[in-house]
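Participant: Okay, here's the structure, questions in a sec.
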Amino acid sequence: MAKTAVPAKIAQRAAKLRTDLDAHNYRYYVEDAPLVSDAEYDRLFRELQALERDYPALSTPDSPTQRVGGQAATQFDPVTHRVPMLSLNNAFADEEAEAFDRRARAALGVEEVDYAVEPKFDGLAVSLVYERGQFTLGATRGDGNTGENVTANLRTVRAIPMRLPADAPPLLEVRGEVLMLKRDFAALNAAQGSAGEKLFVNPRNAAAGALRQLDPAITASRRLAFFSYGVGAVEWGSVTPPATQDALLKLLAALRLPVASQRSVVRGLEGLLGYYRFIGTKRDKLPFQIDGVVYKVNPFAQQERLGFVSRAPRFALAHKFPAEELPTQVLAIDVQVGRTGALTPVARLKPVFVGGVTVVNATLHNEDEVRRKDIRVGDTVIVRRAGDVIPEVVRVLPEGRQPNAPQFELPKRCPECGSKVVRLPDEAIARCSGGLVCPAQRKQALLHFASRRAMDIEGLGDKLVDQLIDAGLAHTPADIYMLGVAALAALDRMAEKSAANVVTAIDKSRATTLARFIYALGIRHVGETTAADLAQHFGTFDALLAADEHALLEVRDVGPVLVQSILQFFAEAHNRDVIAQLRAAGVHWTETAPRREPAGKFAGLTFVITGTLPTFSRDDAKALIEEHGGKVAGSVSKKTAYVIAGAEPGSKLDKASELGVPVLDEQQLMAMVAHGRIKR
DNA sequence: TTACCTCGAGCTCA
DNA sequence: CTCGAGGTAA
């Protein structure tokens, strides 16, 4: 029962509760020093909930009570970042940090550089957009350009303010990391345990899982934290833009956004390494997991002068702690057969929990690698997760060696089909010579054929492919177009419905594009890009089939290795048969006129943009150039065709005149788009 | 490479 | 309830 007038006392109380709850959140997540117990927090929370229920006029969208999560979503919408979310270059050794500092000093022409330094959180990167102080959009990093809209889930994160103070910039995109505090992780797992639920493996995965929930109420119950470390798109309005990273973080902190209290400003290499060591000693005592520290050149003016190398800024470095290394035992060394017949030795390990996950497999890459490290079955080895992800056998502990353990040898015959194994004299990789006789290669070929970027047959995964090949229902990709529902339904975990779905998916794949089809064939060295180039260049499949060495070499980015590979593939009668069968089965695409000219008037040209253009944003200009087949690079080299310069150009302009690269303004760029290229 | 979430559908037991 | 497939993240 809603009352229209809210007594002043009640309104005051609600406002007080809101301020207090926000303050408690801040104490808990930002200052790591809670003032009240969880029970007391809950009591205040419920009191506010009750007031808002009795007096709906009191409800505001930024009230702490709105953090419990509303409607469950059915999917996450894509979000394009206004400014791409880049990754950082990594360093593990002090020497790499030294090289970073040396390059920065050289490029800036200074004796010593000031760095803003902070811990590197082990969580998930997100972007938070505040418009006129209101939190309006939260997104995951995704591939850096496009992420997922997880606003509803991020609203439940108590460390994220729903509203910024009145003096905030009109548009502020905050970049930071969502993570789970160690103590919240422990509490969550204790609860999961007593409820008989599955335990989470580490705080990072628990946070990632929480953020990916479709139902924000579940996210709310998982207690995520957040720390900001930078900004994306910003309109400063009447706010004076900060001149340094340190000032920026202070400004964010003043806006009540969480910032790591362990941050600092240091000078020179000694400062960097000193901070690295210092945080290393504090690591275990921090309330959250970190995997290193981040160095950023402090003044933004210097950051701009350093610029970017491809996907990462040259003014920042992630100095990681050494990867955790633990001993375990080699139970077996299996040999896997890939799509091209490549034989890869894989160590099967006694499960070991290292670097936050349980490792049971580690690729040993090739025969020489196993020999060099002299890994034998039964050995005790040191395992780590290198470069963040891939498990790696570092070395053998000699004391664990069984006296009679034989040296590893690659089998002379393929473990899957018994064909001869051949290794060309100048190659590191040994291959099964069985080609498509080999079931392992047939499976891989079929899996590749059906994959999303190829023929995109949904439901045809590895388990089904295994069964199809093993049961002899399919030998080549062409065979799958002959499959009926009845044949499929006889397989494991395949009843009427699933079988019908797969048949429909196979059916649908008959209509495809030439580029996809070429890629799906699985010709060695022909990936997605080359397949698209070939399709465009020849226009029809038969033109490609008829092409000789000379004709193939005319295709953009196609060299002698690729030519040999393509000619060899089509020379095989077997491959031509399969192609004919596929076409007979109704696989089709629209053929086009050959376009020997590479697409777009900017094809083959690399542009570099510097300064602020009068009407285009950097992204728009980039999109425009790419639309016409050009590339946009971050730095000027002798391969750069044009530099597009706007107001306040950076050092790229000097570099351009140094190398004699023509410089255009935005108007000239537009003229090129309209009238074709300007002659160099 | 591993872990997590979601979905559809099959399997199992009542 | 369990499994396979598909997706995401680091």
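The chains in the structure tokens are called A, B, ... from first to last as shown; in each chain the residues are counted from 1, and the ligands are counted from 1 in the order shown.
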For the contact check between chain A and chain B, emit one row per residue of chain A within 12 Å, containing the shortest atom pair and the distance in Å rounded to one decimal, counting only C-alpha atoms (C1' of nucleotides), chain then rising number order, as JSON lines.
Facilitator:
{"residue": "A:Ala73", "atom": "CA", "partner": "B:DT6", "partner_atom": "C1'", "distance": 11.6}
{"residue": "A:Thr74", "atom": "CA", "partner": "B:DT6", "partner_atom": "C1'", "distance": 9.5}
{"residue": "A:Gln75", "atom": "CA", "partner": "B:DT6", "partner_atom": "C1'", "distance": 9.3}
{"residue": "A:Phe76", "atom": "CA", "partner": "B:DT6", "partner_atom": "C1'", "distance": 11.6}
{"residue": "A:Lys198", "atom": "CA", "partner": "B:DC4", "partner_atom": "C1'", "distance": 11.4}
{"residue": "A:Leu199", "atom": "CA", "partner": "B:DC4", "partner_atom": "C1'", "distance": 11.5}
{"residue": "A:Phe200", "atom": "CA", "partner": "B:DA3", "partner_atom": "C1'", "distance": 8.9}
{"residue": "A:Val201", "atom": "CA", "partner": "B:DA3", "partner_atom": "C1'", "distance": 7.8}
{"residue": "A:Asn202", "atom": "CA", "partner": "B:DA3", "partner_atom": "C1'", "distance": 9.4}
{"residue": "A:Pro203", "atom": "CA", "partner": "B:DA3", "partner_atom": "C1'", "distance": 11.4}
{"residue": "A:Arg204", "atom": "CA", "partner": "B:DA3", "partner_atom": "C1'", "distance": 9.8}
{"residue": "A:Asn205", "atom": "CA", "partner": "B:DA3", "partner_atom": "C1'", "distance": 6.6}
{"residue": "A:Ala206", "atom": "CA", "partner": "B:DC4", "partner_atom": "C1'", "distance": 8.0}
{"residue": "A:Ala207", "atom": "CA", "partner": "B:DC4", "partner_atom": "C1'", "distance": 9.7}
{"residue": "A:Ala208", "atom": "CA", "partner": "B:DC4", "partner_atom": "C1'", "distance": 7.2}
{"residue": "A:Gly209", "atom": "CA", "partner": "B:DC4", "partner_atom": "C1'", "distance": 5.3}
{"residue": "A:Ala210", "atom": "CA", "partner": "B:DC5", "partner_atom": "C1'", "distance": 8.9}
{"residue": "A:Leu211", "atom": "CA", "partner": "B:DC5", "partner_atom": "C1'", "distance": 9.6}
{"residue": "A:Arg212", "atom": "CA", "partner": "B:DC5", "partner_atom": "C1'", "distance": 6.4}
{"residue": "A:Gln213", "atom": "CA", "partner": "B:DC5", "partner_atom": "C1'", "distance": 6.8}
{"residue": "A:Leu214", "atom": "CA", "partner": "B:DT6", "partner_atom": "C1'", "distance": 8.7}
{"residue": "A:Asp215", "atom": "CA", "partner": "B:DC5", "partner_atom": "C1'", "distance": 11.2}
{"residue": "A:Phe353", "atom": "CA", "partner": "B:DT2", "partner_atom": "C1'", "distance": 11.1}
{"residue": "A:Val354", "atom": "CA", "partner": "B:DT2", "partner_atom": "C1'", "distance": 11.1}
{"residue": "A:Gly355", "atom": "CA", "partner": "B:DT2", "partner_atom": "C1'", "distance": 10.7}
{"residue": "A:Gly356", "atom": "CA", "partner": "B:DT2", "partner_atom": "C1'", "distance": 9.3}
{"residue": "A:Val357", "atom": "CA", "partner": "B:DT2", "partner_atom": "C1'", "distance": 6.4}
{"residue": "A:Thr358", "atom": "CA", "partner": "B:DT2", "partner_atom": "C1'", "distance": 7.4}
{"residue": "A:Val359", "atom": "CA", "partner": "B:DT2", "partner_atom": "C1'", "distance": 7.7}
{"residue": "A:Val360", "atom": "CA", "partner": "B:DT1", "partner_atom": "C1'", "distance": 9.6}
{"residue": "A:Asn361", "atom": "CA", "partner": "B:DT1", "partner_atom": "C1'", "distance": 8.2}
{"residue": "A:Ala362", "atom": "CA", "partner": "B:DT1", "partner_atom": "C1'", "distance": 8.3}
{"residue": "A:Thr363", "atom": "CA", "partner": "B:DT1", "partner_atom": "C1'", "distance": 9.6}
{"residue": "A:Arg384", "atom": "CA", "partner": "B:DT1", "partner_atom": "C1'", "distance": 11.8}
{"residue": "A:Arg385", "atom": "CA", "partner": "B:DT1", "partner_atom": "C1'", "distance": 9.1}
{"residue": "A:Ala386", "atom": "CA", "partner": "B:DT1", "partner_atom": "C1'", "distance": 10.6}
{"residue": "A:Gly387", "atom": "CA", "partner": "B:DT1", "partner_atom": "C1'", "distance": 11.4}
{"residue": "A:Asp388", "atom": "CA", "partner": "B:DT1", "partner_atom": "C1'", "distance": 9.9}
{"residue": "A:Val389", "atom": "CA", "partner": "B:DT1", "partner_atom": "C1'", "distance": 6.2}
{"residue": "A:Ile390", "atom": "CA", "partner": "B:DT1", "partner_atom": "C1'", "distance": 5.4}
{"residue": "A:Pro391", "atom": "CA", "partner": "B:DT1", "partner_atom": "C1'", "distance": 6.7}
{"residue": "A:Glu392", "atom": "CA", "partner": "B:DT1", "partner_atom": "C1'", "distance": 10.2}
{"residue": "A:Gly459", "atom": "CA", "partner": "B:DG8", "partner_atom": "C1'", "distance": 10.7}
{"residue": "A:Ala489", "atom": "CA", "partner": "B:DG10", "partner_atom": "C1'", "distance": 11.6}
{"residue": "A:Leu491", "atom": "CA", "partner": "B:DG10", "partner_atom": "C1'", "distance": 11.8}
{"residue": "A:Asp492", "atom": "CA", "partner": "B:DG10", "partner_atom": "C1'", "distance": 9.4}
{"residue": "A:Arg493", "atom": "CA", "partner": "B:DG10", "partner_atom": "C1'", "distance": 6.0}
{"residue": "A:Met494", "atom": "CA", "partner": "B:DG10", "partner_atom": "C1'", "distance": 7.5}
{"residue": "A:Ala495", "atom": "CA", "partner": "B:DG10", "partner_atom": "C1'", "distance": 7.3}
{"residue": "A:Glu496", "atom": "CA", "partner": "B:DA9", "partner_atom": "C1'", "distance": 10.0}
{"residue": "A:Lys497", "atom": "CA", "partner": "B:DA9", "partner_atom": "C1'", "distance": 7.6}
{"residue": "A:Ser498", "atom": "CA", "partner": "B:DA9", "partner_atom": "C1'", "distance": 7.0}
{"residue": "A:Ala499", "atom": "CA", "partner": "B:DA9", "partner_atom": "C1'", "distance": 10.7}
{"residue": "A:Ala500", "atom": "CA", "partner": "B:DA9", "partner_atom": "C1'", "distance": 11.9}
{"residue": "A:Asn501", "atom": "CA", "partner": "B:DG8", "partner_atom": "C1'", "distance": 10.5}
Participant: Once you count only C-alpha atoms (C1' of nucleotides), which residues of chain C turn out to be within 9 Å of chain A? Could you give them as number ranges by chain?
Facilitator: C: 3-6, 8-10
Participant: Generate a file of the selected residues that holds all heavy atoms, formatted as a compact mmCIF listing (two decimals), in the first residue's frame.
Facilitator:
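result-v5.txt was written with the following content:
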# COMPACT_ATOMS: atom_id res chain seq x y z
P DC C 3 28.27 -37.97 -16.92
OP1 DC C 3 29.09 -39.18 -16.89
OP2 DC C 3 28.69 -36.72 -16.25
O5' DC C 3 27.94 -37.62 -18.43
C5' DC C 3 27.16 -38.52 -19.21
C4' DC C 3 27.00 -37.92 -20.59
O4' DC C 3 26.01 -36.88 -20.53
C3' DC C 3 28.29 -37.28 -21.10
O3' DC C 3 28.54 -37.75 -22.39
C2' DC C 3 28.02 -35.79 -21.05
C1' DC C 3 26.50 -35.72 -21.16
N1 DC C 3 25.88 -34.55 -20.49
C2 DC C 3 24.88 -33.82 -21.15
O2 DC C 3 24.55 -34.15 -22.28
N3 DC C 3 24.32 -32.76 -20.52
C4 DC C 3 24.71 -32.43 -19.29
N4 DC C 3 24.12 -31.38 -18.72
C5 DC C 3 25.72 -33.15 -18.60
C6 DC C 3 26.28 -34.20 -19.23
P DG C 4 29.91 -37.39 -23.14
OP1 DG C 4 30.38 -38.62 -23.80
OP2 DG C 4 30.78 -36.65 -22.21
O5' DG C 4 29.43 -36.38 -24.25
C5' DG C 4 28.39 -36.78 -25.14
C4' DG C 4 28.04 -35.60 -26.00
O4' DG C 4 27.33 -34.61 -25.20
C3' DG C 4 29.26 -34.89 -26.59
O3' DG C 4 28.98 -34.65 -27.95
C2' DG C 4 29.39 -33.62 -25.77
C1' DG C 4 27.94 -33.35 -25.36
N9 DG C 4 27.76 -32.66 -24.08
C8 DG C 4 28.41 -32.90 -22.90
N7 DG C 4 28.02 -32.11 -21.92
C5 DG C 4 27.05 -31.31 -22.50
C6 DG C 4 26.26 -30.27 -21.94
O6 DG C 4 26.26 -29.85 -20.79
N1 DG C 4 25.41 -29.72 -22.88
C2 DG C 4 25.31 -30.12 -24.18
N2 DG C 4 24.43 -29.46 -24.94
N3 DG C 4 26.04 -31.08 -24.73
C4 DG C 4 26.88 -31.64 -23.83
P DA C 5 30.07 -33.99 -28.90
OP1 DA C 5 29.87 -34.62 -30.21
OP2 DA C 5 31.40 -34.01 -28.25
O5' DA C 5 29.56 -32.48 -28.95
C5' DA C 5 28.24 -32.24 -29.45
C4' DA C 5 27.97 -30.77 -29.40
O4' DA C 5 27.73 -30.39 -28.02
C3' DA C 5 29.11 -29.90 -29.90
O3' DA C 5 28.57 -28.94 -30.79
C2' DA C 5 29.67 -29.27 -28.64
C1' DA C 5 28.44 -29.21 -27.75
N9 DA C 5 28.73 -29.18 -26.33
C8 DA C 5 29.61 -29.98 -25.65
N7 DA C 5 29.67 -29.73 -24.37
C5 DA C 5 28.75 -28.70 -24.19
C6 DA C 5 28.34 -27.98 -23.06
N6 DA C 5 28.83 -28.20 -21.83
N1 DA C 5 27.42 -27.02 -23.23
C2 DA C 5 26.94 -26.80 -24.46
N3 DA C 5 27.24 -27.40 -25.60
C4 DA C 5 28.17 -28.36 -25.39
P DG C 6 29.49 -28.00 -31.62
OP1 DG C 6 28.82 -27.83 -32.92
OP2 DG C 6 30.89 -28.44 -31.53
O5' DG C 6 29.35 -26.63 -30.81
C5' DG C 6 28.05 -26.04 -30.68
C4' DG C 6 28.19 -24.82 -29.79
O4' DG C 6 28.37 -25.26 -28.43
C3' DG C 6 29.42 -23.97 -30.14
O3' DG C 6 29.04 -22.61 -30.23
C2' DG C 6 30.35 -24.20 -28.98
C1' DG C 6 29.37 -24.46 -27.86
N9 DG C 6 29.97 -25.15 -26.73
C8 DG C 6 30.83 -26.23 -26.77
N7 DG C 6 31.23 -26.61 -25.59
C5 DG C 6 30.60 -25.71 -24.72
C6 DG C 6 30.64 -25.61 -23.31
O6 DG C 6 31.27 -26.31 -22.52
N1 DG C 6 29.86 -24.57 -22.83
C2 DG C 6 29.12 -23.73 -23.61
N2 DG C 6 28.43 -22.79 -22.99
N3 DG C 6 29.05 -23.81 -24.93
C4 DG C 6 29.82 -24.82 -25.42
P DT C 8 32.42 -16.44 -27.61
OP1 DT C 8 31.97 -15.15 -28.11
OP2 DT C 8 33.52 -17.18 -28.25
O5' DT C 8 32.83 -16.28 -26.06
C5' DT C 8 31.89 -15.75 -25.12
C4' DT C 8 32.58 -15.77 -23.77
O4' DT C 8 32.78 -17.15 -23.39
C3' DT C 8 33.96 -15.14 -23.85
O3' DT C 8 34.05 -14.02 -22.99
C2' DT C 8 34.93 -16.21 -23.42
C1' DT C 8 34.06 -17.28 -22.81
N1 DT C 8 34.63 -18.60 -23.14
C2 DT C 8 35.01 -19.42 -22.11
O2 DT C 8 34.88 -19.11 -20.94
N3 DT C 8 35.55 -20.61 -22.49
C4 DT C 8 35.75 -21.06 -23.78
O4 DT C 8 36.25 -22.15 -24.00
C5 DT C 8 35.33 -20.15 -24.82
C7 DT C 8 35.50 -20.52 -26.26
C6 DT C 8 34.79 -18.99 -24.45
P DA C 9 35.36 -13.07 -23.21
OP1 DA C 9 34.89 -11.70 -22.96
OP2 DA C 9 36.08 -13.40 -24.46
O5' DA C 9 36.30 -13.54 -22.03
C5' DA C 9 35.82 -13.56 -20.68
C4' DA C 9 36.87 -14.23 -19.84
O4' DA C 9 36.88 -15.64 -20.17
C3' DA C 9 38.27 -13.71 -20.19
O3' DA C 9 38.80 -12.94 -19.12
C2' DA C 9 39.12 -14.94 -20.43
C1' DA C 9 38.22 -16.11 -20.14
N9 DA C 9 38.37 -17.14 -21.16
C8 DA C 9 38.19 -17.03 -22.51
N7 DA C 9 38.42 -18.14 -23.18
C5 DA C 9 38.77 -19.04 -22.19
C6 DA C 9 39.14 -20.40 -22.23
N6 DA C 9 39.21 -21.11 -23.36
N1 DA C 9 39.43 -21.00 -21.07
C2 DA C 9 39.37 -20.29 -19.93
N3 DA C 9 39.03 -19.02 -19.77
C4 DA C 9 38.74 -18.44 -20.95
P DA C 10 40.06 -12.00 -19.46
OP1 DA C 10 39.95 -10.79 -18.60
OP2 DA C 10 40.25 -11.87 -20.91
O5' DA C 10 41.27 -12.88 -18.92
C5' DA C 10 41.39 -13.20 -17.53
C4' DA C 10 42.44 -14.30 -17.43
O4' DA C 10 41.92 -15.46 -18.11
C3' DA C 10 43.72 -13.95 -18.17
O3' DA C 10 44.71 -13.44 -17.26
C2' DA C 10 44.19 -15.24 -18.78
C1' DA C 10 43.00 -16.17 -18.67
N9 DA C 10 42.64 -16.70 -19.99
C8 DA C 10 42.26 -16.00 -21.10
N7 DA C 10 42.04 -16.76 -22.15
C5 DA C 10 42.28 -18.04 -21.67
C6 DA C 10 42.22 -19.30 -22.28
N6 DA C 10 41.89 -19.48 -23.56
N1 DA C 10 42.53 -20.38 -21.53
C2 DA C 10 42.88 -20.19 -20.26
N3 DA C 10 42.96 -19.06 -19.57
C4 DA C 10 42.65 -18.01 -20.35
Participant: List as a compact mmCIF listing (two decimals) with all heavy atoms, in the first residue's frame the protein and nucleic acid residues near Ile382 in chain A, meaning an atom at most 8 Å away when only C-alpha atoms (C1' of nucleotides) are counted, but skip any in the same chain fewer than 4 places from it.
Facilitator:
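Produced file out27.txt, reproduced below:
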# COMPACT_ATOMS: atom_id res chain seq x y z
N GLU A 325 56.00 -23.67 -9.92
CA GLU A 325 56.56 -24.90 -10.50
C GLU A 325 56.42 -26.02 -9.48
O GLU A 325 56.76 -25.83 -8.32
CB GLU A 325 58.04 -24.71 -10.85
CG GLU A 325 58.28 -23.63 -11.87
CD GLU A 325 59.74 -23.57 -12.30
OE1 GLU A 325 60.59 -24.15 -11.61
OE2 GLU A 325 60.00 -22.96 -13.35
N LEU A 326 55.93 -27.17 -9.91
CA LEU A 326 55.76 -28.28 -8.97
C LEU A 326 56.17 -29.58 -9.63
O LEU A 326 56.04 -29.75 -10.84
CB LEU A 326 54.30 -28.37 -8.52
CG LEU A 326 53.84 -27.34 -7.49
CD1 LEU A 326 52.36 -27.47 -7.24
CD2 LEU A 326 54.62 -27.50 -6.19
N PRO A 327 56.64 -30.51 -8.81
CA PRO A 327 57.02 -31.82 -9.38
C PRO A 327 55.80 -32.71 -9.54
O PRO A 327 54.85 -32.64 -8.76
CB PRO A 327 57.96 -32.39 -8.32
CG PRO A 327 57.54 -31.74 -7.05
CD PRO A 327 56.98 -30.40 -7.40
N THR A 328 55.84 -33.54 -10.56
CA THR A 328 54.85 -34.61 -10.71
C THR A 328 55.49 -35.70 -11.54
O THR A 328 56.65 -35.60 -11.92
CB THR A 328 53.54 -34.10 -11.35
OG1 THR A 328 52.56 -35.12 -11.26
CG2 THR A 328 53.75 -33.72 -12.80
N VAL A 393 56.54 -28.87 -19.37
CA VAL A 393 57.49 -29.64 -18.58
C VAL A 393 58.81 -28.89 -18.61
O VAL A 393 59.40 -28.70 -19.68
CB VAL A 393 57.67 -31.06 -19.14
CG1 VAL A 393 58.80 -31.78 -18.41
CG2 VAL A 393 56.37 -31.83 -19.02
N VAL A 394 59.23 -28.39 -17.45
CA VAL A 394 60.42 -27.55 -17.40
C VAL A 394 61.68 -28.38 -17.49
O VAL A 394 62.56 -28.15 -18.30
CB VAL A 394 60.45 -26.70 -16.11
CG1 VAL A 394 61.63 -25.77 -16.12
CG2 VAL A 394 59.15 -25.94 -15.97
N ARG A 395 61.77 -29.38 -16.61
CA ARG A 395 62.96 -30.23 -16.60
C ARG A 395 62.67 -31.51 -15.84
O ARG A 395 61.65 -31.64 -15.16
CB ARG A 395 64.15 -29.50 -15.98
CG ARG A 395 63.93 -29.13 -14.53
CD ARG A 395 65.16 -28.48 -13.91
NE ARG A 395 64.98 -28.37 -12.47
CZ ARG A 395 64.30 -27.39 -11.89
NH1 ARG A 395 63.75 -26.46 -12.63
NH2 ARG A 395 64.16 -27.35 -10.59
N VAL A 396 63.60 -32.44 -15.96
CA VAL A 396 63.49 -33.72 -15.27
C VAL A 396 64.30 -33.66 -13.99
O VAL A 396 65.38 -33.06 -13.96
CB VAL A 396 64.03 -34.85 -16.18
CG1 VAL A 396 64.10 -36.16 -15.42
CG2 VAL A 396 63.17 -35.00 -17.42
N LEU A 397 63.75 -34.24 -12.91
CA LEU A 397 64.55 -34.39 -11.69
C LEU A 397 65.28 -35.72 -11.79
O LEU A 397 64.65 -36.78 -11.75
CB LEU A 397 63.65 -34.37 -10.45
CG LEU A 397 62.92 -33.06 -10.17
CD1 LEU A 397 62.08 -33.18 -8.89
CD2 LEU A 397 63.91 -31.91 -10.04
Participant: In Å to one decimal, how far is CA of Asp22 in chain A from CA of Arg256 in chain A?
Facilitator: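 Between these atoms lies a distance of 10.0 Å.
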Participant: Could you give me, as a PyMOL selection string, each residue of range 346-572 of chain A that DSSP assigns to strand (DSSP E) when run on this structure's backbone?
Facilitator: chain A and resi 346-354+357-363+380-386+390-397+421-422+431-432
Participant: Need the shell around Arg311 in chain A: protein/DNA/RNA residues with any atom at most 10 Å away, counting only C-alpha atoms (C1' of nucleotides). Skip same-chain ones fewer than 4 positions apart. Format as a ChimeraX atom specification?
Facilitator: /A:84-89,144,633-634
Participant: Write to file, as a compact mmCIF listing (two decimals), in the first residue's frame, the residues of the selection just made, with N, CA, C and O atoms.
Facilitator:
# COMPACT_ATOMS: atom_id res chain seq x y z
N PRO A 84 39.54 0.70 -27.75
CA PRO A 84 39.83 -0.72 -27.58
C PRO A 84 40.51 -1.01 -26.23
O PRO A 84 41.27 -0.19 -25.73
N MET A 85 40.20 -2.16 -25.64
CA MET A 85 40.84 -2.57 -24.40
C MET A 85 42.06 -3.42 -24.75
O MET A 85 41.92 -4.59 -25.11
N LEU A 86 43.21 -2.82 -24.67
CA LEU A 86 44.44 -3.50 -25.10
C LEU A 86 44.95 -4.39 -24.00
O LEU A 86 44.56 -4.28 -22.85
N SER A 87 45.86 -5.28 -24.37
CA SER A 87 46.54 -6.06 -23.35
C SER A 87 47.94 -5.47 -23.16
O SER A 87 48.38 -4.63 -23.93
N LEU A 88 48.62 -5.95 -22.13
CA LEU A 88 49.95 -5.43 -21.83
C LEU A 88 51.01 -6.43 -22.24
O LEU A 88 50.78 -7.64 -22.24
N ASN A 89 52.18 -5.92 -22.58
CA ASN A 89 53.30 -6.82 -22.78
C ASN A 89 53.72 -7.39 -21.44
O ASN A 89 53.65 -6.71 -20.42
N GLY A 144 38.88 -7.35 -27.00
CA GLY A 144 39.51 -6.04 -26.94
C GLY A 144 38.70 -4.99 -27.68
O GLY A 144 38.69 -3.83 -27.29
N ALA A 633 48.32 1.02 -39.00
CA ALA A 633 49.35 0.55 -38.07
C ALA A 633 49.56 1.59 -36.99
O ALA A 633 49.10 2.73 -37.10
N GLY A 634 50.22 1.15 -35.93
CA GLY A 634 50.42 2.04 -34.79
C GLY A 634 51.67 2.89 -34.92
O GLY A 634 51.78 3.94 -34.31
Participant: Might you pull out every residue within 7 Å of Ala233 in chain A, with only C-alpha atoms (C1' of nucleotides) counted and same-chain residues fewer than 4 positions away left off, and present them as a list in words?
Facilitator: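 Here the answer would be Arg82, Val83, Leu172 and Glu173 of chain A.
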Participant: Restricted to C-alpha atoms, what would the selected residues look like written as a PDB file, in the first residue's frame?
Facilitator:
ATOM      1  CA  ARG A  82      34.704   3.127 -27.744  1.00  0.00           C
ATOM      2  CA  VAL A  83      38.404   2.785 -27.099  1.00  0.00           C
ATOM      3  CA  LEU A 172      33.736   8.503 -17.882  1.00  0.00           C
ATOM      4  CA  GLU A 173      34.608   5.000 -18.967  1.00  0.00           C
TER       5      GLU A 173
END
